[in-house]
$ cat structure-v9.cif   # mmCIF, C-alpha atoms and all ligand atoms
data_start
#
loop_
_atom_site.label_atom_id
_atom_site.label_comp_id
_atom_site.auth_asym_id
_atom_site.auth_seq_id
_atom_site.Cartn_x
_atom_site.Cartn_y
_atom_site.Cartn_z
CA MET A 284 -18.19 -35.28 -7.44
CA SER A 285 -17.15 -32.01 -8.86
CA GLU A 286 -16.63 -31.73 -12.58
CA VAL A 287 -13.07 -31.86 -14.02
CA THR A 288 -11.95 -29.51 -16.80
CA LYS A 289 -8.60 -28.37 -18.18
CA LYS A 290 -7.08 -25.01 -17.47
CA THR A 291 -3.76 -23.40 -18.31
CA VAL A 292 -1.97 -21.82 -15.40
CA VAL A 293 0.78 -19.39 -16.36
CA VAL A 294 3.15 -19.03 -13.44
CA THR A 295 6.05 -16.62 -12.92
CA ARG A 296 9.28 -18.52 -12.31
CA PHE A 297 12.46 -17.03 -10.90
CA ASP A 298 15.53 -18.82 -9.61
CA PRO A 299 17.98 -16.29 -8.16
CA ASP A 300 20.92 -18.64 -8.86
CA GLN A 301 20.16 -18.94 -12.56
CA ASP A 302 17.87 -16.20 -13.78
CA GLU A 303 18.59 -12.54 -14.35
CA VAL A 304 14.91 -11.73 -14.70
CA PRO A 305 11.72 -13.67 -13.97
CA LYS A 306 10.21 -15.76 -16.77
CA THR A 307 6.86 -17.49 -17.11
CA GLN A 308 5.99 -21.14 -17.39
CA SER A 309 2.64 -22.59 -18.49
CA TYR A 310 1.06 -25.72 -17.07
CA GLU A 311 -2.01 -27.31 -18.53
CA ILE A 312 -3.67 -29.21 -15.72
CA PRO A 313 -6.98 -30.90 -14.93
CA VAL A 314 -8.90 -28.83 -12.37
CA GLN A 315 -12.04 -29.51 -10.38
CA SER A 316 -14.86 -27.00 -10.45
CA ASP A 317 -14.64 -26.27 -6.70
CA TRP A 318 -10.90 -25.62 -6.66
CA LYS A 319 -9.29 -22.42 -5.47
CA VAL A 320 -6.28 -20.94 -7.24
CA LEU A 321 -4.08 -22.39 -4.50
CA ASP A 322 -5.36 -25.91 -5.25
CA ALA A 323 -4.12 -25.55 -8.82
CA LEU A 324 -0.67 -24.46 -7.62
CA ASN A 325 -0.51 -27.33 -5.14
CA TYR A 326 -1.51 -29.75 -7.91
CA ILE A 327 1.32 -28.43 -10.09
CA LYS A 328 3.83 -28.75 -7.26
CA ASP A 329 2.67 -32.24 -6.22
CA GLU A 330 1.98 -33.83 -9.59
CA VAL A 331 3.76 -31.91 -12.34
CA ASP A 332 6.72 -29.82 -11.23
CA PRO A 333 8.11 -30.13 -7.69
CA THR A 334 10.53 -27.24 -8.30
CA LEU A 335 7.73 -24.66 -8.09
CA SER A 336 7.97 -22.54 -4.93
CA HIS A 337 4.94 -20.85 -3.37
CA ARG A 338 3.90 -20.04 0.16
CA TRP A 339 0.77 -21.18 1.96
CA SER A 340 -0.28 -22.71 5.22
CA CYS A 341 -3.83 -22.66 6.56
CA ARG A 342 -5.90 -22.89 3.35
CA MET A 343 -8.74 -21.10 5.13
CA ALA A 344 -7.92 -17.39 4.79
CA VAL A 345 -6.51 -16.87 8.27
CA CYS A 346 -2.73 -17.21 8.06
CA GLY A 347 -2.25 -14.62 5.33
CA SER A 348 0.65 -16.39 3.62
CA CYS A 349 -0.83 -17.27 0.22
CA GLY A 350 -1.17 -13.78 -1.31
CA MET A 351 -0.27 -13.59 -5.01
CA MET A 352 -1.22 -11.64 -8.10
CA VAL A 353 -3.93 -13.51 -10.01
CA ASN A 354 -4.54 -12.05 -13.45
CA GLY A 355 -2.83 -8.91 -12.25
CA GLU A 356 -4.79 -8.42 -9.01
CA PRO A 357 -3.63 -9.18 -5.49
CA LYS A 358 -5.62 -12.13 -4.15
CA LEU A 359 -5.58 -14.64 -1.31
CA THR A 360 -5.17 -17.73 -3.47
CA CYS A 361 -6.78 -20.06 -0.94
CA LYS A 362 -9.95 -17.94 -1.05
CA ASP A 363 -10.01 -17.04 -4.73
CA ALA A 364 -12.04 -19.56 -6.78
CA LEU A 365 -10.60 -20.79 -10.07
CA SER A 366 -14.11 -20.54 -11.50
CA ASN A 367 -13.78 -16.72 -11.29
CA TYR A 368 -11.44 -16.95 -14.27
CA GLY A 369 -11.40 -18.19 -17.85
CA ASN A 370 -9.39 -21.09 -19.21
CA THR A 371 -6.05 -19.37 -18.75
CA ILE A 372 -5.01 -17.74 -15.51
CA GLU A 373 -1.80 -15.94 -14.69
CA VAL A 374 -0.22 -16.19 -11.27
CA GLU A 375 2.61 -13.84 -10.29
CA PRO A 376 4.32 -12.94 -7.02
CA LEU A 377 2.79 -10.01 -5.06
CA ALA A 378 3.64 -6.68 -6.69
CA ASN A 379 5.75 -4.10 -4.81
CA PHE A 380 7.81 -6.79 -3.03
CA PRO A 381 11.26 -8.15 -3.84
CA VAL A 382 10.99 -11.74 -5.12
CA VAL A 383 12.92 -14.50 -3.33
CA ARG A 384 12.00 -17.29 -5.71
CA ASP A 385 9.10 -18.04 -8.07
CA LEU A 386 5.98 -16.86 -6.19
CA VAL A 387 7.67 -16.27 -2.84
CA VAL A 388 8.34 -12.65 -1.83
CA GLU A 389 10.57 -11.04 0.77
CA LEU A 390 8.58 -9.53 3.67
CA ASP A 391 11.28 -8.50 6.16
CA GLY A 392 11.49 -4.83 5.15
CA PHE A 393 7.74 -4.53 5.46
CA MET A 394 7.57 -6.19 8.85
CA GLU A 395 9.86 -3.40 10.10
CA ARG A 396 7.11 -0.93 9.27
CA PHE A 397 4.67 -2.79 11.51
CA LYS A 398 7.05 -2.39 14.45
CA LYS A 399 7.28 1.34 13.84
CA VAL A 400 3.63 1.95 14.81
CA LYS A 401 4.18 0.24 18.21
CA PRO A 402 1.48 -2.37 17.84
CA TRP A 403 1.03 -3.15 21.51
CA ILE A 404 -0.89 -1.60 24.38
CA ILE A 405 1.04 1.30 25.89
CA ARG A 406 0.12 2.33 29.44
CA ALA A 407 1.53 5.17 31.48
CA LYS A 408 1.35 2.84 34.46
CA GLU A 409 0.75 -0.92 34.31
CA LEU A 410 -2.17 -2.11 36.41
CA ALA A 411 -1.18 -4.36 39.28
CA VAL A 412 -2.67 -7.85 39.07
CA GLU A 413 -4.66 -7.23 42.29
CA GLU A 414 -6.45 -4.39 40.60
CA GLY A 415 -8.14 -6.90 38.32
CA ALA A 416 -8.79 -6.93 34.60
CA THR A 417 -9.32 -3.81 32.53
CA ARG A 418 -12.95 -3.89 31.54
CA GLN A 419 -14.26 -2.88 28.16
CA SER A 420 -17.82 -2.31 27.08
CA PRO A 421 -19.11 -3.93 23.87
CA GLN A 422 -18.95 -0.47 22.31
CA GLU A 423 -15.29 -0.05 23.30
CA LEU A 424 -14.55 -3.42 21.76
CA ALA A 425 -16.42 -2.49 18.58
CA ASP A 426 -14.30 0.69 18.32
CA PHE A 427 -11.17 -1.29 17.48
CA LYS A 428 -12.31 -4.81 16.55
CA GLN A 429 -12.51 -4.20 12.80
CA TRP A 430 -8.90 -2.96 12.71
CA SER A 431 -7.73 -6.06 14.54
CA MET A 432 -8.97 -8.45 11.85
CA CYS A 433 -5.92 -7.98 9.60
CA ILE A 434 -4.07 -11.23 8.77
CA ASN A 435 -0.96 -9.48 7.38
CA CYS A 436 -1.45 -10.99 3.95
CA MET A 437 0.07 -7.82 2.45
CA LEU A 438 -2.40 -7.65 -0.43
CA CYS A 439 -2.96 -3.99 0.44
CA TYR A 440 0.76 -3.25 0.08
CA SER A 441 0.70 -4.86 -3.28
CA ALA A 442 -2.32 -2.82 -4.42
CA CYS A 443 -1.21 0.55 -3.01
CA PRO A 444 0.31 2.95 -5.56
CA VAL A 445 2.09 4.89 -2.80
CA VAL A 446 3.82 1.77 -1.45
CA GLY A 447 5.14 1.21 -4.96
CA ASN A 448 6.57 4.71 -5.22
CA ASP A 449 7.40 6.09 -1.79
CA PRO A 450 10.04 4.02 0.02
CA HIS A 451 9.17 5.65 3.36
CA PHE A 452 5.43 4.97 3.37
CA LEU A 453 4.26 2.96 6.39
CA GLY A 454 1.58 1.40 4.23
CA PRO A 455 -2.10 0.54 4.76
CA ALA A 456 -1.82 -2.51 7.06
CA ALA A 457 0.71 -0.89 9.41
CA ILE A 458 -1.38 2.26 9.71
CA ALA A 459 -4.53 0.21 10.32
CA LEU A 460 -2.64 -1.72 12.98
CA GLY A 461 -1.49 1.47 14.72
CA HIS A 462 -5.03 2.77 14.49
CA ARG A 463 -6.30 -0.43 16.13
CA TYR A 464 -4.25 0.40 19.25
CA ASN A 465 -5.10 4.11 19.12
CA MET A 466 -8.78 3.15 19.22
CA ASP A 467 -8.37 0.73 22.12
CA SER A 468 -9.75 2.18 25.37
CA ARG A 469 -6.98 0.46 27.38
CA ASP A 470 -4.23 2.15 25.40
CA GLU A 471 -2.53 5.42 26.32
CA GLY A 472 0.07 5.55 23.56
CA SER A 473 -1.67 7.45 20.79
CA ALA A 474 0.52 10.56 21.15
CA GLU A 475 3.64 8.42 20.63
CA ARG A 476 2.08 6.63 17.70
CA ASN A 477 0.81 9.81 16.11
CA GLU A 478 4.37 11.13 15.98
CA VAL A 479 5.13 8.23 13.67
CA MET A 480 1.91 8.84 11.76
CA LEU A 481 2.94 12.47 11.20
CA GLU A 482 6.47 11.67 10.00
CA GLU A 483 7.50 11.44 6.37
CA GLY A 484 5.76 8.36 4.98
CA GLY A 485 3.03 8.55 7.62
CA VAL A 486 -0.71 8.92 7.08
CA PHE A 487 -0.42 12.06 4.96
CA ALA A 488 1.57 10.26 2.29
CA CYS A 489 -1.63 8.38 1.36
CA SER A 490 -2.96 9.44 -2.02
CA TYR A 491 -6.60 8.36 -1.48
CA ALA A 492 -6.54 5.60 -4.09
CA ASN A 493 -8.61 3.34 -1.79
CA GLU A 494 -7.11 0.27 -3.47
CA CYS A 495 -6.09 -1.20 -0.11
CA SER A 496 -9.71 -1.49 0.98
CA GLU A 497 -10.76 -2.83 -2.42
CA VAL A 498 -8.42 -5.81 -2.19
CA CYS A 499 -8.61 -6.54 1.57
CA PRO A 500 -9.92 -10.12 1.96
CA LYS A 501 -10.97 -9.51 5.58
CA ASP A 502 -12.89 -6.25 5.08
CA VAL A 503 -10.57 -4.39 7.43
CA ASP A 504 -10.96 -1.24 5.32
CA PRO A 505 -7.44 0.11 5.89
CA ALA A 506 -8.24 3.22 3.84
CA ALA A 507 -10.76 4.25 6.50
CA ALA A 508 -8.11 3.71 9.18
CA VAL A 509 -5.74 5.95 7.24
CA GLN A 510 -8.35 8.70 6.92
CA GLN A 511 -9.36 8.47 10.59
CA GLY A 512 -5.66 8.41 11.45
CA LYS A 513 -5.26 11.70 9.59
CA ALA A 514 -8.01 13.31 11.64
CA LEU A 515 -6.62 11.96 14.93
CA SER A 516 -3.02 12.93 14.27
CA LEU A 517 -4.26 16.32 13.09
CA LEU A 518 -5.46 16.98 16.64
CA ASP A 519 -2.05 16.08 18.04
CA TRP A 520 -0.42 18.25 15.41
CA ALA A 521 -2.61 21.22 16.33
CA LYS A 522 -1.85 20.68 20.02
CA GLY A 523 1.86 20.64 19.13
CA LEU A 524 1.51 24.11 17.63
CA VAL A 525 0.18 25.49 20.87
CA LEU A 526 2.12 23.45 23.39
CA PRO A 527 5.82 22.64 23.10
CA ARG A 528 6.55 18.99 22.22
CA GLY A 529 6.52 16.54 25.08
CA SER A 530 4.46 18.69 27.45
CA GLU A 531 1.05 17.57 28.55
CA MET B 68 11.25 23.06 1.51
CA LYS B 69 10.43 19.40 1.89
CA ALA B 70 10.66 19.67 5.66
CA LEU B 71 8.37 22.69 5.67
CA ILE B 72 5.75 20.92 3.57
CA GLU B 73 5.98 17.92 5.83
CA ARG B 74 5.35 20.16 8.83
CA ILE B 75 2.26 21.79 7.36
CA GLU B 76 0.92 18.64 5.73
CA PRO B 77 -2.00 18.32 8.20
CA LEU B 78 -3.05 21.90 7.42
CA ILE B 79 -2.91 21.20 3.69
CA TRP B 80 -5.02 18.12 4.30
CA VAL B 81 -7.67 20.22 6.06
CA LEU B 82 -7.77 22.68 3.15
CA PHE B 83 -7.87 19.73 0.76
CA GLY B 84 -10.74 18.08 2.64
CA ALA B 85 -12.69 21.31 2.89
CA GLY B 86 -12.05 21.97 -0.79
CA PHE B 87 -13.33 18.52 -1.61
CA MET B 88 -16.61 19.17 0.21
CA VAL B 89 -17.02 22.63 -1.27
CA GLY B 90 -16.01 21.43 -4.72
CA SER B 91 -18.38 18.49 -4.78
CA LEU B 92 -21.40 20.03 -3.02
CA LEU B 93 -21.46 23.83 -3.17
CA LEU B 94 -19.63 24.48 -6.41
CA PRO B 95 -22.00 22.43 -8.61
CA ALA B 96 -24.99 24.22 -7.05
CA TRP B 97 -23.25 27.52 -7.71
CA VAL B 98 -22.46 26.69 -11.32
CA PHE B 99 -26.01 25.46 -11.84
CA THR B 100 -27.56 28.63 -10.41
CA PHE B 101 -25.37 31.19 -12.14
CA GLY B 102 -24.22 29.27 -15.21
CA ILE B 103 -27.38 27.42 -16.22
CA ALA B 104 -30.55 28.42 -14.34
CA GLN B 105 -29.98 32.17 -14.55
CA PRO B 106 -29.06 32.37 -18.29
CA LEU B 107 -31.94 30.04 -19.18
CA GLY B 108 -34.36 32.28 -17.32
CA TRP B 109 -35.39 29.70 -14.72
CA VAL B 110 -34.73 32.18 -11.94
CA PRO B 111 -37.51 34.73 -11.31
CA ASP B 112 -36.84 38.03 -13.07
CA GLY B 113 -34.64 40.33 -11.06
CA ALA B 114 -33.87 37.78 -8.34
CA LEU B 115 -30.23 37.75 -9.40
CA ALA B 116 -30.09 41.24 -10.82
CA PHE B 117 -26.64 42.85 -10.50
CA GLU B 118 -27.48 45.06 -7.51
CA ARG B 119 -29.02 42.22 -5.53
CA ALA B 120 -26.27 39.75 -6.39
CA HIS B 121 -23.61 42.33 -5.60
CA ALA B 122 -25.17 43.19 -2.27
CA LEU B 123 -25.22 39.48 -1.44
CA ALA B 124 -21.58 39.03 -2.44
CA ALA B 125 -20.37 42.20 -0.70
CA ASN B 126 -21.90 41.21 2.62
CA PRO B 127 -19.16 39.88 4.96
CA LEU B 128 -20.79 36.45 5.03
CA GLY B 129 -21.16 36.52 1.26
CA LYS B 130 -17.48 37.39 0.91
CA LEU B 131 -16.50 34.51 3.16
CA LEU B 132 -18.63 32.11 1.15
CA LEU B 133 -17.22 33.36 -2.14
CA LEU B 134 -13.69 32.99 -0.82
CA ALA B 135 -14.38 29.42 0.29
CA LEU B 136 -15.94 28.66 -3.09
CA ILE B 137 -12.93 29.95 -4.98
CA ALA B 138 -9.92 29.16 -2.81
CA LEU B 139 -10.68 25.81 -1.17
CA PRO B 140 -11.19 23.78 -4.37
CA ILE B 141 -7.83 25.15 -5.55
CA TRP B 142 -6.16 23.46 -2.56
CA ASN B 143 -8.12 20.33 -3.28
CA ALA B 144 -6.83 20.36 -6.83
CA ALA B 145 -3.22 21.13 -5.82
CA ASN B 146 -3.07 18.27 -3.32
CA HIS B 147 -4.78 15.84 -5.68
CA LEU B 148 -2.43 16.72 -8.54
CA ARG B 149 0.54 16.25 -6.26
CA HIS B 150 -0.54 12.77 -5.20
CA PHE B 151 -1.52 11.96 -8.75
CA SER B 152 2.02 12.81 -9.77
CA ILE B 153 3.44 10.55 -7.04
CA ASP B 154 1.12 7.69 -8.02
CA LEU B 155 2.42 7.96 -11.57
CA GLY B 156 5.90 7.19 -10.34
CA GLY B 157 6.82 10.76 -9.42
CA TYR B 158 8.25 10.28 -5.94
CA GLU B 159 11.61 11.70 -7.04
CA ARG B 160 10.13 14.78 -8.70
CA ASP B 161 7.82 15.48 -5.74
CA GLY B 162 10.51 17.73 -4.23
CA ALA B 163 9.80 20.16 -7.09
CA VAL B 164 6.17 19.34 -7.88
CA ALA B 165 4.76 19.80 -4.37
CA PRO B 166 6.24 23.28 -3.68
CA LEU B 167 5.20 24.41 -7.15
CA LEU B 168 1.59 23.27 -6.74
CA TYR B 169 1.20 24.58 -3.20
CA ALA B 170 2.84 27.89 -4.09
CA GLY B 171 0.40 28.17 -6.99
CA ALA B 172 -2.52 27.47 -4.68
CA LEU B 173 -1.20 30.06 -2.22
CA VAL B 174 -0.83 32.74 -4.90
CA LEU B 175 -4.32 32.07 -6.27
CA SER B 176 -5.75 32.13 -2.74
CA VAL B 177 -4.15 35.51 -2.10
CA VAL B 178 -5.54 36.81 -5.40
CA ALA B 179 -8.96 35.50 -4.36
CA ILE B 180 -8.71 37.17 -0.95
CA VAL B 181 -7.76 40.51 -2.51
CA ALA B 182 -10.55 40.24 -5.09
CA VAL B 183 -13.17 39.30 -2.54
CA ILE B 184 -12.18 42.08 -0.15
CA GLY B 185 -12.46 44.57 -3.01
CA LEU B 186 -16.06 43.66 -3.80
S1 LIG C 1 -3.20 -20.33 3.07
FE1 LIG C 1 -3.57 -19.21 4.87
S2 LIG C 1 -4.53 -17.45 4.15
FE2 LIG C 1 -4.35 -18.63 2.36
#
$ encode --input "structure-v9.cif" --output "structure tokens"
Amino acid sequence: MSEVTKKTVVVTRFDPDQDEVPKTQSYEIPVQSDWKVLDALNYIKDEVDPTLSHRWSCRMAVCGSCGMMVNGEPKLTCKDALSNYGNTIEVEPLANFPVVRDLVVELDGFMERFKKVKPWIIRAKELAVEEGATRQSPQELADFKQWSMCINCMLCYSACPVVGNDPHFLGPAAIALGHRYNMDSRDEGSAERNEVMLEEGGVFACSYANECSEVCPKDVDPAAAVQQGKALSLLDWAKGLVLPRGSE
Amino acid sequence: MKALIERIEPLIWVLFGAGFMVGSLLLPAWVFTFGIAQPLGWVPDGALAFERAHALAANPLGKLLLLALIALPIWNAANHLRHFSIDLGGYERDGAVAPLLYAGALVLSVVAIVAVIGL
């Protein structure tokens, strides 16, 4: 049996029908020593205050829906142990996102940025089924695998100072996602993608804060993707100086 | 202006990156040699006497190195200051800050080129 202690959880509350601005509400609850932050929120919702709204699903750090600010830092609450904190912990909605209600944020505008980098395999000509599967060596898989581990939890958007200031910025996860396809040996769409990477709000808007990689719960290291993306799109940019756009 | 900066952003990034390398590796060695080791007499007598040092600097390769040492870190600084300003909530003012910083870096680079050529 794990030990039970008391902790105070200070939660941001916001009801768009009633509140002008968010307020906080404190709950003193019994917690078990092996609980994650999400367990405390679920306890509050189930046992204390059913009006609390927060988002979660898998409870095992794969669905990416439980991101929140815990004591001011973006965290996956199903992975973040309560024992990391003192007797009082503050839980707020993810920074840099519009709040829908309580701890739930609006993601639509950000999902649009993912589409912009064309996160699918682009081929000049599709292979016919008879031609068989496209083979990849373990090395070719390793070239993009890391960038494919993102669970879209958006913690990096919440940590990034540029996302907070520049409304055009694609953001760390979207750039890492584009980079994942640029690094895939089956893909032939990097020139198209790099046009997006070179636009306003593309890779060069990054200010090298590296916060995205600091907070990433899956070790995707989006900051490295952004830096590599700069180098790759630089080549396309230099080519564009010599050759007119669109020519091969 | 904004469109122009956007177009040359990759070039600025190259200068920034090069300036970062030069500024963090070569410049400290330079400052140590000429600012600390030489005045403290750790360098053998005459090794950095004016004539020798001047001959080194006036050699085409020496000029190139000097130029890189002076101009590249300026671009590093300009780009860093610009992004620093944006990170501090300065997205709106970037339209003025960026041209100002890059123009400053350009002017200083030209001054450095003229000075180095004249050695
Ligand atoms: S609940 Fe799925 S990642 Fe936390």
$ axis_aligned_box --input "structure-v9.cif" --around "ligand LIG 1 (chain C)" --padding-each-side "3 Å" --output "JSON"
{"center_x": -3.9, "center_y": -18.9, "center_z": 3.6, "size_x": 7.3, "size_y": 8.9, "size_z": 8.5}
$ closest_residue --input "structure-v9.cif" --among "B:Ser91, B:Asn126, B:Asn146, B:Ser176" --to "chain A" --atoms "only C-alpha atoms"
B:Asn146
$ closest_atom_pairs --input "structure-v9.cif" --of "chain B" --to "chain A" --cutoff "6 Å" --atoms "all atoms listed in the file" --output "Markdown table"
| residue | atom | partner | partner_atom | distance |
| --- | --- | --- | --- | --- |
| B:Pro77 | CA | A:Leu517 | CA | 5.7 |
| B:His150 | CA | A:Ser490 | CA | 5.2 |
| B:Asp154 | CA | A:Pro444 | CA | 5.4 |
| B:Gly156 | CA | A:Asn448 | CA | 5.7 |
| B:Tyr158 | CA | A:Asn448 | CA | 5.9 |
$ residues_around --input "structure-v9.cif" --residues "B:Leu93" --least-positions-apart "6" --cutoff "12 Å" --atoms "only C-alpha atoms" --output "ChimeraX atom specification"
/B:85-87,99-100,132-133,135-137,139-140
$ residues_near_ligand --input "structure-v9.cif" --ligand "ligand LIG 1 (chain C)" --cutoff "6 Å" --atoms "all atoms listed in the file" --output "list in words"
Trp339, Ser340, Cys341, Arg342, Met343, Ala344, Val345, Cys346, Gly347, Ser348, Cys349, Leu359, Thr360 and Cys361 of chain A
$ atom_distance --input "structure-v9.cif" --atom1 "atom CA of A:Gln429" --atom2 "atom CA of A:Met394"
20.6 Å
$ residues_around --input "structure-v9.cif" --residues "B:Ala124" --least-positions-apart "3" --cutoff "12 Å" --atoms "all atoms listed in the file" --output "VMD selection string"
chain B and resid 115 117 to 121 127 to 134 136 182 to 186
$ atom_distance --input "structure-v9.cif" --atom1 "atom CA of A:Thr371" --atom2 "atom CA of A:Lys290"
5.9 Å
$ residues_around --input "structure-v9.cif" --residues "stretch 314-329 of chain A" --least-positions-apart "6" --cutoff "6 Å" --atoms "all atoms listed in the file" --output "ChimeraX atom specification"
/A:285-289,335,360-361,363-365
$ atom_distance --input "structure-v9.cif" --atom1 "atom CA of A:Val353" --atom2 "atom CA of A:Gln510"
28.3 Å
$ closest_residue --input "structure-v9.cif" --among "B:Trp142, B:Ser152, B:Ala114, B:Ala163" --to "B:Met88" --atoms "only C-alpha atoms"
B:Trp142
$ closest_residue --input "structure-v9.cif" --among "A:Phe452, A:Cys499, A:Leu424, A:Pro505" --to "A:Arg469" --atoms "only C-alpha atoms"
A:Leu424
$ closest_residue --input "structure-v9.cif" --among "A:Met437, A:Val294, A:Met432, A:Ile312" --to "A:Asp504" --atoms "only C-alpha atoms"
A:Met432
$ closest_residue --input "structure-v9.cif" --among "A:Gln511, A:Thr295, A:Gln419, A:Thr334" --to "A:Ala378" --atoms "all atoms listed in the file"
A:Thr295
$ closest_residue --input "structure-v9.cif" --among "A:Val387, A:Val412, A:Cys436, A:Val292" --to "A:Gly350" --atoms "all atoms listed in the file"
A:Cys436
$ residues_around --input "structure-v9.cif" --residues "A:Leu460" --least-positions-apart "4" --cutoff "7 Å" --atoms "only C-alpha atoms" --output "list of chain:residue names"
A:Pro402, A:Trp430, A:Ser431, A:Ala456, A:Tyr464
$ build_atoms --input "structure-v9.cif" --residues "stretch 290-296 of chain A" --atoms "all heavy atoms" --output "PDB file, in the coordinates of the input"
ATOM      1  N   LYS A 290      -7.397 -26.431 -17.464  1.00  0.00           N
ATOM      2  CA  LYS A 290      -7.080 -25.010 -17.470  1.00  0.00           C
ATOM      3  C   LYS A 290      -5.574 -24.846 -17.622  1.00  0.00           C
ATOM      4  O   LYS A 290      -4.804 -25.723 -17.227  1.00  0.00           O
ATOM      5  CB  LYS A 290      -7.514 -24.329 -16.168  1.00  0.00           C
ATOM      6  CG  LYS A 290      -8.988 -23.983 -16.120  1.00  0.00           C
ATOM      7  CD  LYS A 290      -9.267 -22.942 -15.046  1.00  0.00           C
ATOM      8  CE  LYS A 290     -10.759 -22.921 -14.717  1.00  0.00           C
ATOM      9  NZ  LYS A 290     -11.426 -21.700 -15.093  1.00  0.00           N
ATOM     10  N   THR A 291      -5.187 -23.690 -18.201  1.00  0.00           N
ATOM     11  CA  THR A 291      -3.760 -23.400 -18.310  1.00  0.00           C
ATOM     12  C   THR A 291      -3.389 -22.382 -17.239  1.00  0.00           C
ATOM     13  O   THR A 291      -3.998 -21.321 -17.157  1.00  0.00           O
ATOM     14  CB  THR A 291      -3.435 -22.829 -19.707  1.00  0.00           C
ATOM     15  OG1 THR A 291      -3.932 -23.750 -20.676  1.00  0.00           O
ATOM     16  CG2 THR A 291      -1.945 -22.640 -19.881  1.00  0.00           C
ATOM     17  N   VAL A 292      -2.423 -22.749 -16.435  1.00  0.00           N
ATOM     18  CA  VAL A 292      -1.970 -21.820 -15.400  1.00  0.00           C
ATOM     19  C   VAL A 292      -0.583 -21.314 -15.798  1.00  0.00           C
ATOM     20  O   VAL A 292       0.349 -22.105 -15.976  1.00  0.00           O
ATOM     21  CB  VAL A 292      -1.898 -22.529 -14.019  1.00  0.00           C
ATOM     22  CG1 VAL A 292      -1.554 -21.529 -12.934  1.00  0.00           C
ATOM     23  CG2 VAL A 292      -3.214 -23.224 -13.710  1.00  0.00           C
ATOM     24  N   VAL A 293      -0.496 -19.999 -15.972  1.00  0.00           N
ATOM     25  CA  VAL A 293       0.780 -19.390 -16.360  1.00  0.00           C
ATOM     26  C   VAL A 293       1.419 -18.813 -15.102  1.00  0.00           C
ATOM     27  O   VAL A 293       0.886 -17.900 -14.494  1.00  0.00           O
ATOM     28  CB  VAL A 293       0.568 -18.280 -17.409  1.00  0.00           C
ATOM     29  CG1 VAL A 293       1.906 -17.728 -17.881  1.00  0.00           C
ATOM     30  CG2 VAL A 293      -0.254 -18.799 -18.582  1.00  0.00           C
ATOM     31  N   VAL A 294       2.539 -19.379 -14.721  1.00  0.00           N
ATOM     32  CA  VAL A 294       3.150 -19.030 -13.440  1.00  0.00           C
ATOM     33  C   VAL A 294       4.484 -18.321 -13.657  1.00  0.00           C
ATOM     34  O   VAL A 294       5.255 -18.693 -14.544  1.00  0.00           O
ATOM     35  CB  VAL A 294       3.392 -20.315 -12.598  1.00  0.00           C
ATOM     36  CG1 VAL A 294       3.988 -19.972 -11.252  1.00  0.00           C
ATOM     37  CG2 VAL A 294       2.106 -21.099 -12.422  1.00  0.00           C
ATOM     38  N   THR A 295       4.749 -17.296 -12.857  1.00  0.00           N
ATOM     39  CA  THR A 295       6.050 -16.620 -12.920  1.00  0.00           C
ATOM     40  C   THR A 295       7.093 -17.498 -12.229  1.00  0.00           C
ATOM     41  O   THR A 295       6.889 -17.950 -11.105  1.00  0.00           O
ATOM     42  CB  THR A 295       5.988 -15.258 -12.212  1.00  0.00           C
ATOM     43  OG1 THR A 295       4.950 -14.505 -12.809  1.00  0.00           O
ATOM     44  CG2 THR A 295       7.309 -14.516 -12.324  1.00  0.00           C
ATOM     45  N   ARG A 296       8.196 -17.737 -12.911  1.00  0.00           N
ATOM     46  CA  ARG A 296       9.280 -18.520 -12.310  1.00  0.00           C
ATOM     47  C   ARG A 296      10.523 -17.631 -12.182  1.00  0.00           C
ATOM     48  O   ARG A 296      10.825 -16.840 -13.070  1.00  0.00           O
ATOM     49  CB  ARG A 296       9.637 -19.732 -13.209  1.00  0.00           C
ATOM     50  CG  ARG A 296       8.505 -20.684 -13.499  1.00  0.00           C
ATOM     51  CD  ARG A 296       7.967 -21.355 -12.241  1.00  0.00           C
ATOM     52  NE  ARG A 296       8.976 -21.961 -11.387  1.00  0.00           N
ATOM     53  CZ  ARG A 296       9.349 -23.246 -11.447  1.00  0.00           C
ATOM     54  NH1 ARG A 296       8.797 -24.055 -12.317  1.00  0.00           N
ATOM     55  NH2 ARG A 296      10.267 -23.725 -10.624  1.00  0.00           N
TER      56      ARG A 296
END
